[in-house]
Structure formats: C-alpha cells, structure tokens
file entry-v1.pdb (PDB, C-alpha atoms, pLDDT in the B column)
ATOM      1  CA  MET A  18     -19.097 -19.268  87.007  1.00 44.00           C
ATOM      2  CA  PHE A  19     -21.797 -21.727  85.921  1.00 46.00           C
ATOM      3  CA  PRO A  20     -21.063 -24.340  88.586  1.00 51.00           C
ATOM      4  CA  GLU A  21     -21.388 -21.642  91.275  1.00 50.00           C
ATOM      5  CA  SER A  22     -24.802 -20.616  89.944  1.00 49.00           C
ATOM      6  CA  LYS A  23     -25.869 -24.237  89.788  1.00 50.00           C
ATOM      7  CA  VAL A  24     -24.754 -24.821  93.385  1.00 48.00           C
ATOM      8  CA  SER A  25     -26.609 -21.692  94.499  1.00 51.00           C
ATOM      9  CA  LEU A  26     -29.862 -22.906  92.927  1.00 49.00           C
ATOM     10  CA  PHE A  27     -29.464 -26.365  94.471  1.00 50.00           C
ATOM     11  CA  LYS A  28     -28.925 -24.848  97.916  1.00 55.00           C
ATOM     12  CA  GLN A  29     -32.098 -22.786  97.549  1.00 53.00           C
ATOM     13  CA  GLU A  30     -34.039 -25.884  96.486  1.00 54.00           C
ATOM     14  CA  ASP A  31     -32.697 -27.794  99.524  1.00 56.00           C
ATOM     15  CA  VAL A  32     -33.705 -24.962 101.857  1.00 50.00           C
ATOM     16  CA  MET A  33     -37.174 -24.810 100.303  1.00 52.00           C
ATOM     17  CA  SER A  34     -37.492 -28.582 100.575  1.00 65.00           C
ATOM     18  CA  ASN A  35     -36.482 -28.543 104.242  1.00 71.00           C
ATOM     19  CA  ASN A  36     -38.769 -25.592 104.974  1.00 71.00           C
ATOM     20  CA  GLY A  37     -41.647 -27.441 103.330  1.00 72.00           C
ATOM     21  CA  LYS A  38     -41.023 -30.507 105.464  1.00 77.00           C
ATOM     22  CA  ILE A  39     -40.814 -28.427 108.617  1.00 79.00           C
ATOM     23  CA  PHE A  40     -43.992 -26.554 107.716  1.00 75.00           C
ATOM     24  CA  LEU A  41     -45.833 -29.789 106.963  1.00 75.00           C
ATOM     25  CA  GLY A  42     -44.738 -31.204 110.326  1.00 78.00           C
ATOM     26  CA  ILE A  43     -45.919 -28.096 112.169  1.00 79.00           C
ATOM     27  CA  VAL A  44     -49.263 -28.081 110.364  1.00 76.00           C
ATOM     28  CA  THR A  45     -49.795 -31.780 111.049  1.00 78.00           C
ATOM     29  CA  ALA A  46     -48.905 -31.392 114.731  1.00 79.00           C
ATOM     30  CA  ALA A  47     -51.180 -28.355 115.066  1.00 76.00           C
ATOM     31  CA  ALA A  48     -54.063 -30.184 113.428  1.00 74.00           C
ATOM     32  CA  ALA A  49     -53.586 -33.262 115.604  1.00 75.00           C
ATOM     33  CA  GLY A  50     -53.338 -31.128 118.740  1.00 75.00           C
ATOM     34  CA  ALA A  51     -56.472 -29.191 117.833  1.00 71.00           C
ATOM     35  CA  VAL A  52     -58.475 -32.351 117.178  1.00 70.00           C
ATOM     36  CA  ILE A  53     -57.338 -34.025 120.393  1.00 73.00           C
ATOM     37  CA  GLY A  54     -58.030 -30.858 122.392  1.00 70.00           C
ATOM     38  CA  LEU A  55     -61.510 -30.535 120.960  1.00 65.00           C
ATOM     39  CA  LEU A  56     -62.360 -34.183 121.466  1.00 67.00           C
ATOM     40  CA  PHE A  57     -61.501 -33.972 125.157  1.00 71.00           C
ATOM     41  CA  ALA A  58     -63.135 -30.571 125.657  1.00 65.00           C
ATOM     42  CA  PRO A  59     -66.265 -30.605 127.866  1.00 69.00           C
ATOM     43  CA  ASP A  60     -68.463 -28.856 125.270  1.00 69.00           C
ATOM     44  CA  LYS A  61     -71.640 -30.010 123.604  1.00 74.00           C
ATOM     45  CA  GLY A  62     -71.215 -31.912 120.339  1.00 71.00           C
ATOM     46  CA  GLU A  63     -72.571 -29.030 118.279  1.00 77.00           C
ATOM     47  CA  ASP A  64     -70.127 -26.576 119.851  1.00 77.00           C
ATOM     48  CA  THR A  65     -67.240 -28.998 119.368  1.00 70.00           C
ATOM     49  CA  ARG A  66     -68.115 -29.514 115.697  1.00 74.00           C
ATOM     50  CA  GLY A  67     -68.333 -25.736 115.193  1.00 79.00           C
ATOM     51  CA  LYS A  68     -64.920 -25.230 116.778  1.00 75.00           C
ATOM     52  CA  MET A  69     -63.444 -28.031 114.662  1.00 73.00           C
ATOM     53  CA  LYS A  70     -64.928 -26.524 111.518  1.00 78.00           C
ATOM     54  CA  LYS A  71     -63.446 -23.115 112.356  1.00 82.00           C
ATOM     55  CA  GLN A  72     -60.025 -24.556 113.159  1.00 77.00           C
ATOM     56  CA  VAL A  73     -60.012 -26.634 109.974  1.00 76.00           C
ATOM     57  CA  GLY A  74     -60.932 -23.506 108.018  1.00 82.00           C
ATOM     58  CA  ASP A  75     -58.127 -21.546 109.698  1.00 83.00           C
ATOM     59  CA  LEU A  76     -55.686 -24.351 109.004  1.00 78.00           C
ATOM     60  CA  ALA A  77     -56.768 -24.473 105.365  1.00 79.00           C
ATOM     61  CA  ASP A  78     -56.195 -20.710 105.112  1.00 83.00           C
ATOM     62  CA  GLU A  79     -52.694 -21.114 106.544  1.00 82.00           C
ATOM     63  CA  VAL A  80     -51.905 -23.919 104.110  1.00 79.00           C
ATOM     64  CA  LEU A  81     -53.157 -21.840 101.156  1.00 81.00           C
ATOM     65  CA  LYS A  82     -51.034 -18.891 102.269  1.00 83.00           C
ATOM     66  CA  ALA A  83     -47.982 -21.152 102.536  1.00 79.00           C
ATOM     67  CA  ILE A  84     -48.669 -22.587  99.081  1.00 78.00           C
ATOM     68  CA  GLN A  85     -48.966 -19.079  97.627  1.00 81.00           C
ATOM     69  CA  LYS A  86     -45.722 -18.094  99.337  1.00 80.00           C
ATOM     70  CA  GLY A  87     -44.088 -21.216  97.885  1.00 76.00           C
ATOM     71  CA  LYS A  88     -45.371 -20.309  94.416  1.00 77.00           C
ATOM     72  CA  ILE A  89     -43.903 -16.844  94.786  1.00 77.00           C
ATOM     73  CA  SER A  90     -40.570 -18.349  95.832  1.00 79.00           C
ATOM     74  CA  LEU A  91     -40.630 -20.717  92.864  1.00 79.00           C
ATOM     75  CA  GLU A  92     -41.443 -17.811  90.552  1.00 82.00           C
ATOM     76  CA  ASP A  93     -38.478 -15.910  92.011  1.00 82.00           C
ATOM     77  CA  LEU A  94     -36.199 -18.904  91.421  1.00 80.00           C
ATOM     78  CA  LYS A  95     -37.521 -19.277  87.883  1.00 85.00           C
ATOM     79  CA  SER A  96     -36.945 -15.605  87.166  1.00 86.00           C
ATOM     80  CA  GLN A  97     -33.398 -15.818  88.559  1.00 87.00           C
ATOM     81  CA  ALA A  98     -32.668 -18.901  86.459  1.00 87.00           C
ATOM     82  CA  VAL A  99     -34.018 -17.261  83.297  1.00 89.00           C
ATOM     83  CA  SER A 100     -31.966 -14.147  84.003  1.00 89.00           C
ATOM     84  CA  LYS A 101     -28.786 -16.132  84.615  1.00 89.00           C
ATOM     85  CA  ALA A 102     -29.412 -18.202  81.488  1.00 90.00           C
ATOM     86  CA  GLY A 103     -29.778 -14.980  79.499  1.00 90.00           C
ATOM     87  CA  ASP A 104     -26.546 -13.643  80.977  1.00 89.00           C
ATOM     88  CA  LEU A 105     -24.721 -16.870  80.132  1.00 89.00           C
ATOM     89  CA  LYS A 106     -26.124 -16.784  76.594  1.00 90.00           C
ATOM     90  CA  ASP A 107     -24.932 -13.199  76.148  1.00 90.00           C
ATOM     91  CA  LYS A 108     -21.471 -14.044  77.492  1.00 90.00           C
ATOM     92  CA  ALA A 109     -21.241 -17.097  75.224  1.00 90.00           C
ATOM     93  CA  ARG A 110     -22.310 -15.048  72.203  1.00 90.00           C
ATOM     94  CA  SER A 111     -19.756 -12.339  73.051  1.00 90.00           C
ATOM     95  CA  LYS A 112     -16.984 -14.900  73.495  1.00 89.00           C
ATOM     96  CA  PHE A 113     -17.944 -16.565  70.201  1.00 90.00           C
ATOM     97  CA  GLU A 114     -17.825 -13.213  68.390  1.00 91.00           C
ATOM     98  CA  ASP A 115     -14.417 -12.442  69.944  1.00 89.00           C
ATOM     99  CA  LEU A 116     -13.078 -15.825  68.831  1.00 90.00           C
ATOM    100  CA  GLN A 117     -14.550 -15.304  65.383  1.00 92.00           C
ATOM    101  CA  ASP A 118     -12.800 -11.923  65.134  1.00 91.00           C
ATOM    102  CA  GLN A 119      -9.516 -13.484  66.264  1.00 92.00           C
ATOM    103  CA  ALA A 120      -9.898 -16.255  63.677  1.00 92.00           C
ATOM    104  CA  ASP A 121     -10.569 -13.666  60.933  1.00 92.00           C
ATOM    105  CA  GLU A 122      -7.479 -11.705  61.998  1.00 93.00           C
ATOM    106  CA  ALA A 123      -5.368 -14.874  62.012  1.00 93.00           C
ATOM    107  CA  LYS A 124      -6.714 -15.748  58.559  1.00 92.00           C
ATOM    108  CA  GLN A 125      -5.819 -12.302  57.215  1.00 93.00           C
ATOM    109  CA  THR A 126      -2.349 -12.496  58.779  1.00 93.00           C
ATOM    110  CA  ALA A 127      -1.801 -15.934  57.252  1.00 92.00           C
ATOM    111  CA  LYS A 128      -2.911 -14.685  53.817  1.00 91.00           C
ATOM    112  CA  GLN A 129      -0.535 -11.727  54.055  1.00 92.00           C
ATOM    113  CA  LYS A 130       2.383 -13.979  54.989  1.00 91.00           C
ATOM    114  CA  VAL A 131       1.608 -16.376  52.152  1.00 90.00           C
ATOM    115  CA  ASN A 132       1.358 -13.483  49.681  1.00 89.00           C
ATOM    116  CA  GLU A 133       4.666 -12.047  50.951  1.00 88.00           C
ATOM    117  CA  GLN A 134       6.340 -15.438  50.526  1.00 88.00           C
ATOM    118  CA  LEU A 135       4.940 -15.859  47.012  1.00 86.00           C
ATOM    119  CA  GLY A 136       5.895 -12.607  45.951  1.00 70.00           C
TER     120      GLY A 136
END
call {"tool": "encode", "arguments": {"input": "entry-v1.pdb", "output": "structure tokens"}}
result
Amino acid sequence: MFPESKVSLFKQEDVMSNNGKIFLGIVTAAAAGAVIGLLFAPDKGEDTRGKMKKQVGDLADEVLKAIQKGKISLEDLKSQAVSKAGDLKDKARSKFEDLQDQADEAKQTAKQKVNEQLG
C-alpha cells in the first residue's frame, strides 16, 4: 500500500511541476507580447507607459493568484500526506498489537505444554 501512495504523491508533484513550467511560459510569452505590442503602438509615450503599467499590474495579479492557487494545492498535498501517515501509523500500531497478542498466546501455550510435560 505504501509504495502506491508514494507513487501517487510523486505523480501529483510531477503534474504540479509541469503545470508551473507551462504557466511560467505562458506568463513570459504574454508579458513579452504585451511589451512588444506597446512599443510598436502609435500612442504617445505617456499613454504607452500607462498601458504598460496597467498590463504589468494585471500580470502581477495573475501571478499572485497562481501562487495562491499553488499554495492551496501544496496545502492539500500536505494534508493528504499527513492523513495517510496517520492511517499508516494506526495500521502499524494495530498490527503490532495483534502480533503482541499472538506472541502472548504463544507464550501461554508454551508454558502450558512445559507444565504438562513436567507434571
């Protein structure tokens, strides 16, 4: 069971990593396109600077939203990992207690057999 959980977490990390790279590429391309478009636009310098400032602000907002979304995803992964760790701990404790009970039973059985043999 544990290897499956581990594989699942790694797959999610890979997807997040790939999504981050894709997002960064899109943001970079959008920023470059916006700057090039504004530089070649036939507006006055003041208008061009105002448009650039607005677009940079919009881009910054998008980046912040993506970062917040990434934080939420990381929090979800963390919560899942903590939950699975707790489940594994409980299963291990239960298995240990079962084995301990079996060992106690075997000990009692061995004592009874020894006592029967002795007399």
call {"tool": "atom_distance", "arguments": {"input": "entry-v1.pdb", "atom1": "atom CA of A:Val52", "atom2": "atom CA of A:Asp75"}}
result
13.1 Å
call {"tool": "atom_distance", "arguments": {"input": "entry-v1.pdb", "atom1": "atom CA of A:Gln72", "atom2": "atom CA of A:Asn35"}}
result
25.5 Å
call {"tool": "closest_residue", "arguments": {"input": "entry-v1.pdb", "among": "A:Lys128, A:Ala51, A:Ala98, A:Ala83", "to": "A:Lys70", "atoms": "all atoms listed in the file"}}
result
A:Ala51
call {"tool": "resolve_selection", "arguments": {"input": "entry-v1.pdb", "expression": "the PyMOL selection byres ((chain A and resi 39-44) around 12)", "output": "list in words"}}
result
Val32, Met33, Ser34, Asn35, Asn36, Gly37, Lys38, Thr45, Ala46, Ala47, Ala48, Ala49, Gly50, Ala51, Gln72, Val73, Asp75, Leu76, Ala77, Asp78, Glu79, Val80, Leu81, Lys82, Ala83, Ile84 and Gly87 of chain A
call {"tool": "write_last_selection", "arguments": {"input": "entry-v1.pdb", "atoms": "C-alpha atoms", "output": "mmCIF file, in the coordinates of the input"}}
result
data_model
loop_
_atom_site.group_PDB
_atom_site.id
_atom_site.type_symbol
_atom_site.label_atom_id
_atom_site.label_comp_id
_atom_site.auth_asym_id
_atom_site.auth_seq_id
_atom_site.Cartn_x
_atom_site.Cartn_y
_atom_site.Cartn_z
ATOM 1 C CA VAL A 32 -33.705 -24.962 101.857
ATOM 2 C CA MET A 33 -37.174 -24.810 100.303
ATOM 3 C CA SER A 34 -37.492 -28.582 100.575
ATOM 4 C CA ASN A 35 -36.482 -28.543 104.242
ATOM 5 C CA ASN A 36 -38.769 -25.592 104.974
ATOM 6 C CA GLY A 37 -41.647 -27.441 103.330
ATOM 7 C CA LYS A 38 -41.023 -30.507 105.464
ATOM 8 C CA THR A 45 -49.795 -31.780 111.049
ATOM 9 C CA ALA A 46 -48.905 -31.392 114.731
ATOM 10 C CA ALA A 47 -51.180 -28.355 115.066
ATOM 11 C CA ALA A 48 -54.063 -30.184 113.428
ATOM 12 C CA ALA A 49 -53.586 -33.262 115.604
ATOM 13 C CA GLY A 50 -53.338 -31.128 118.740
ATOM 14 C CA ALA A 51 -56.472 -29.191 117.833
ATOM 15 C CA GLN A 72 -60.025 -24.556 113.159
ATOM 16 C CA VAL A 73 -60.012 -26.634 109.974
ATOM 17 C CA ASP A 75 -58.127 -21.546 109.698
ATOM 18 C CA LEU A 76 -55.686 -24.351 109.004
ATOM 19 C CA ALA A 77 -56.768 -24.473 105.365
ATOM 20 C CA ASP A 78 -56.195 -20.710 105.112
ATOM 21 C CA GLU A 79 -52.694 -21.114 106.544
ATOM 22 C CA VAL A 80 -51.905 -23.919 104.110
ATOM 23 C CA LEU A 81 -53.157 -21.840 101.156
ATOM 24 C CA LYS A 82 -51.034 -18.891 102.269
ATOM 25 C CA ALA A 83 -47.982 -21.152 102.536
ATOM 26 C CA ILE A 84 -48.669 -22.587 99.081
ATOM 27 C CA GLY A 87 -44.088 -21.216 97.885
#
call {"tool": "atom_distance", "arguments": {"input": "entry-v1.pdb", "atom1": "atom CA of A:Ala120", "atom2": "atom CA of A:Lys101"}}
result
28.2 Å
call {"tool": "axis_aligned_box", "arguments": {"input": "entry-v1.pdb", "around": "stretch 36-46 of chain A", "padding_each_side": "6 Å", "output": "JSON"}}
result
{"center_x": -44.3, "center_y": -28.7, "center_z": 109.0, "size_x": 23.0, "size_y": 18.2, "size_z": 23.4}
call {"tool": "decode", "arguments": {"input": "entry-v1.pdb", "residues": "stretch 52-92 of chain A", "atoms": "N, CA and C atoms", "output": "mmCIF file, in the first residue's frame"}}
result
data_model
loop_
_atom_site.group_PDB
_atom_site.id
_atom_site.type_symbol
_atom_site.label_atom_id
_atom_site.label_comp_id
_atom_site.auth_asym_id
_atom_site.auth_seq_id
_atom_site.Cartn_x
_atom_site.Cartn_y
_atom_site.Cartn_z
ATOM 1 N N VAL A 52 4.643 43.820 -24.144
ATOM 2 C CA VAL A 52 5.687 44.851 -24.251
ATOM 3 C C VAL A 52 5.968 45.178 -25.712
ATOM 4 N N ILE A 53 6.102 44.180 -26.538
ATOM 5 C CA ILE A 53 6.385 44.411 -27.958
ATOM 6 C C ILE A 53 5.220 45.162 -28.616
ATOM 7 N N GLY A 54 3.994 44.745 -28.275
ATOM 8 C CA GLY A 54 2.818 45.414 -28.840
ATOM 9 C C GLY A 54 2.753 46.873 -28.435
ATOM 10 N N LEU A 55 3.057 47.156 -27.191
ATOM 11 C CA LEU A 55 3.013 48.534 -26.720
ATOM 12 C C LEU A 55 4.129 49.386 -27.308
ATOM 13 N N LEU A 56 5.292 48.780 -27.480
ATOM 14 C CA LEU A 56 6.411 49.548 -28.026
ATOM 15 C C LEU A 56 6.172 49.945 -29.482
ATOM 16 N N PHE A 57 5.449 49.120 -30.212
ATOM 17 C CA PHE A 57 5.177 49.432 -31.613
ATOM 18 C C PHE A 57 3.845 50.151 -31.814
ATOM 19 N N ALA A 58 3.111 50.369 -30.736
ATOM 20 C CA ALA A 58 1.824 51.057 -30.835
ATOM 21 C C ALA A 58 2.057 52.545 -31.134
ATOM 22 N N PRO A 59 1.178 53.150 -31.936
ATOM 23 C CA PRO A 59 1.360 54.562 -32.310
ATOM 24 C C PRO A 59 0.740 55.526 -31.284
ATOM 25 N N ASP A 60 0.972 55.283 -29.999
ATOM 26 C CA ASP A 60 0.457 56.164 -28.956
ATOM 27 C C ASP A 60 1.564 57.074 -28.458
ATOM 28 N N LYS A 61 1.142 58.102 -27.713
ATOM 29 C CA LYS A 61 2.125 58.973 -27.077
ATOM 30 C C LYS A 61 2.842 58.181 -25.995
ATOM 31 N N GLY A 62 4.021 58.631 -25.625
ATOM 32 C CA GLY A 62 4.828 57.952 -24.606
ATOM 33 C C GLY A 62 4.093 57.813 -23.284
ATOM 34 N N GLU A 63 3.385 58.851 -22.891
ATOM 35 C CA GLU A 63 2.661 58.810 -21.612
ATOM 36 C C GLU A 63 1.562 57.756 -21.651
ATOM 37 N N ASP A 64 0.842 57.681 -22.758
ATOM 38 C CA ASP A 64 -0.207 56.671 -22.902
ATOM 39 C C ASP A 64 0.387 55.266 -22.898
ATOM 40 N N THR A 65 1.497 55.106 -23.605
ATOM 41 C CA THR A 65 2.158 53.800 -23.676
ATOM 42 C C THR A 65 2.621 53.364 -22.288
ATOM 43 N N ARG A 66 3.229 54.286 -21.544
ATOM 44 C CA ARG A 66 3.681 53.942 -20.188
ATOM 45 C C ARG A 66 2.494 53.571 -19.294
ATOM 46 N N GLY A 67 1.390 54.288 -19.428
ATOM 47 C CA GLY A 67 0.192 53.973 -18.639
ATOM 48 C C GLY A 67 -0.338 52.590 -18.957
ATOM 49 N N LYS A 68 -0.372 52.263 -20.263
ATOM 50 C CA LYS A 68 -0.839 50.930 -20.664
ATOM 51 C C LYS A 68 0.095 49.842 -20.135
ATOM 52 N N MET A 69 1.410 50.106 -20.223
ATOM 53 C CA MET A 69 2.381 49.127 -19.726
ATOM 54 C C MET A 69 2.206 48.921 -18.227
ATOM 55 N N LYS A 70 2.006 50.012 -17.512
ATOM 56 C CA LYS A 70 1.836 49.925 -16.062
ATOM 57 C C LYS A 70 0.596 49.087 -15.731
ATOM 58 N N LYS A 71 -0.491 49.329 -16.451
ATOM 59 C CA LYS A 71 -1.720 48.564 -16.212
ATOM 60 C C LYS A 71 -1.512 47.085 -16.521
ATOM 61 N N GLN A 72 -0.872 46.795 -17.653
ATOM 62 C CA GLN A 72 -0.666 45.402 -18.033
ATOM 63 C C GLN A 72 0.272 44.692 -17.057
ATOM 64 N N VAL A 73 1.293 45.402 -16.592
ATOM 65 C CA VAL A 73 2.199 44.805 -15.603
ATOM 66 C C VAL A 73 1.435 44.516 -14.307
ATOM 67 N N GLY A 74 0.578 45.467 -13.925
ATOM 68 C CA GLY A 74 -0.248 45.250 -12.727
ATOM 69 C C GLY A 74 -1.171 44.058 -12.889
ATOM 70 N N ASP A 75 -1.803 43.938 -14.058
ATOM 71 C CA ASP A 75 -2.683 42.790 -14.325
ATOM 72 C C ASP A 75 -1.899 41.480 -14.299
ATOM 73 N N LEU A 76 -0.723 41.511 -14.890
ATOM 74 C CA LEU A 76 0.123 40.323 -14.916
ATOM 75 C C LEU A 76 0.542 39.939 -13.503
ATOM 76 N N ALA A 77 0.887 40.929 -12.700
ATOM 77 C CA ALA A 77 1.266 40.666 -11.310
ATOM 78 C C ALA A 77 0.096 40.042 -10.549
ATOM 79 N N ASP A 78 -1.119 40.548 -10.805
ATOM 80 C CA ASP A 78 -2.304 39.970 -10.157
ATOM 81 C C ASP A 78 -2.483 38.509 -10.549
ATOM 82 N N GLU A 79 -2.297 38.208 -11.833
ATOM 83 C CA GLU A 79 -2.421 36.832 -12.303
ATOM 84 C C GLU A 79 -1.376 35.927 -11.649
ATOM 85 N N VAL A 80 -0.161 36.419 -11.552
ATOM 86 C CA VAL A 80 0.913 35.639 -10.932
ATOM 87 C C VAL A 80 0.586 35.379 -9.455
ATOM 88 N N LEU A 81 0.113 36.412 -8.754
ATOM 89 C CA LEU A 81 -0.242 36.236 -7.337
ATOM 90 C C LEU A 81 -1.368 35.228 -7.171
ATOM 91 N N LYS A 82 -2.355 35.285 -8.053
ATOM 92 C CA LYS A 82 -3.452 34.310 -7.997
ATOM 93 C C LYS A 82 -2.918 32.898 -8.214
ATOM 94 N N ALA A 83 -2.025 32.749 -9.184
ATOM 95 C CA ALA A 83 -1.451 31.423 -9.465
ATOM 96 C C ALA A 83 -0.638 30.930 -8.275
ATOM 97 N N ILE A 84 0.100 31.832 -7.643
ATOM 98 C CA ILE A 84 0.891 31.443 -6.469
ATOM 99 C C ILE A 84 -0.034 31.000 -5.342
ATOM 100 N N GLN A 85 -1.115 31.751 -5.125
ATOM 101 C CA GLN A 85 -2.077 31.369 -4.083
ATOM 102 C C GLN A 85 -2.695 30.011 -4.395
ATOM 103 N N LYS A 86 -3.028 29.786 -5.659
ATOM 104 C CA LYS A 86 -3.598 28.506 -6.062
ATOM 105 C C LYS A 86 -2.577 27.385 -5.814
ATOM 106 N N GLY A 87 -1.317 27.670 -6.118
ATOM 107 C CA GLY A 87 -0.254 26.687 -5.867
ATOM 108 C C GLY A 87 -0.109 26.401 -4.390
ATOM 109 N N LYS A 88 -0.220 27.441 -3.550
ATOM 110 C CA LYS A 88 -0.141 27.237 -2.101
ATOM 111 C C LYS A 88 -1.281 26.370 -1.628
ATOM 112 N N ILE A 89 -2.467 26.608 -2.175
ATOM 113 C CA ILE A 89 -3.623 25.795 -1.791
ATOM 114 C C ILE A 89 -3.376 24.347 -2.198
ATOM 115 N N SER A 90 -2.851 24.133 -3.389
ATOM 116 C CA SER A 90 -2.571 22.770 -3.842
ATOM 117 C C SER A 90 -1.534 22.106 -2.946
ATOM 118 N N LEU A 91 -0.502 22.852 -2.561
ATOM 119 C CA LEU A 91 0.516 22.293 -1.682
ATOM 120 C C LEU A 91 -0.078 21.971 -0.318
ATOM 121 N N GLU A 92 -0.965 22.835 0.168
ATOM 122 C CA GLU A 92 -1.623 22.567 1.449
ATOM 123 C C GLU A 92 -2.469 21.301 1.349
#
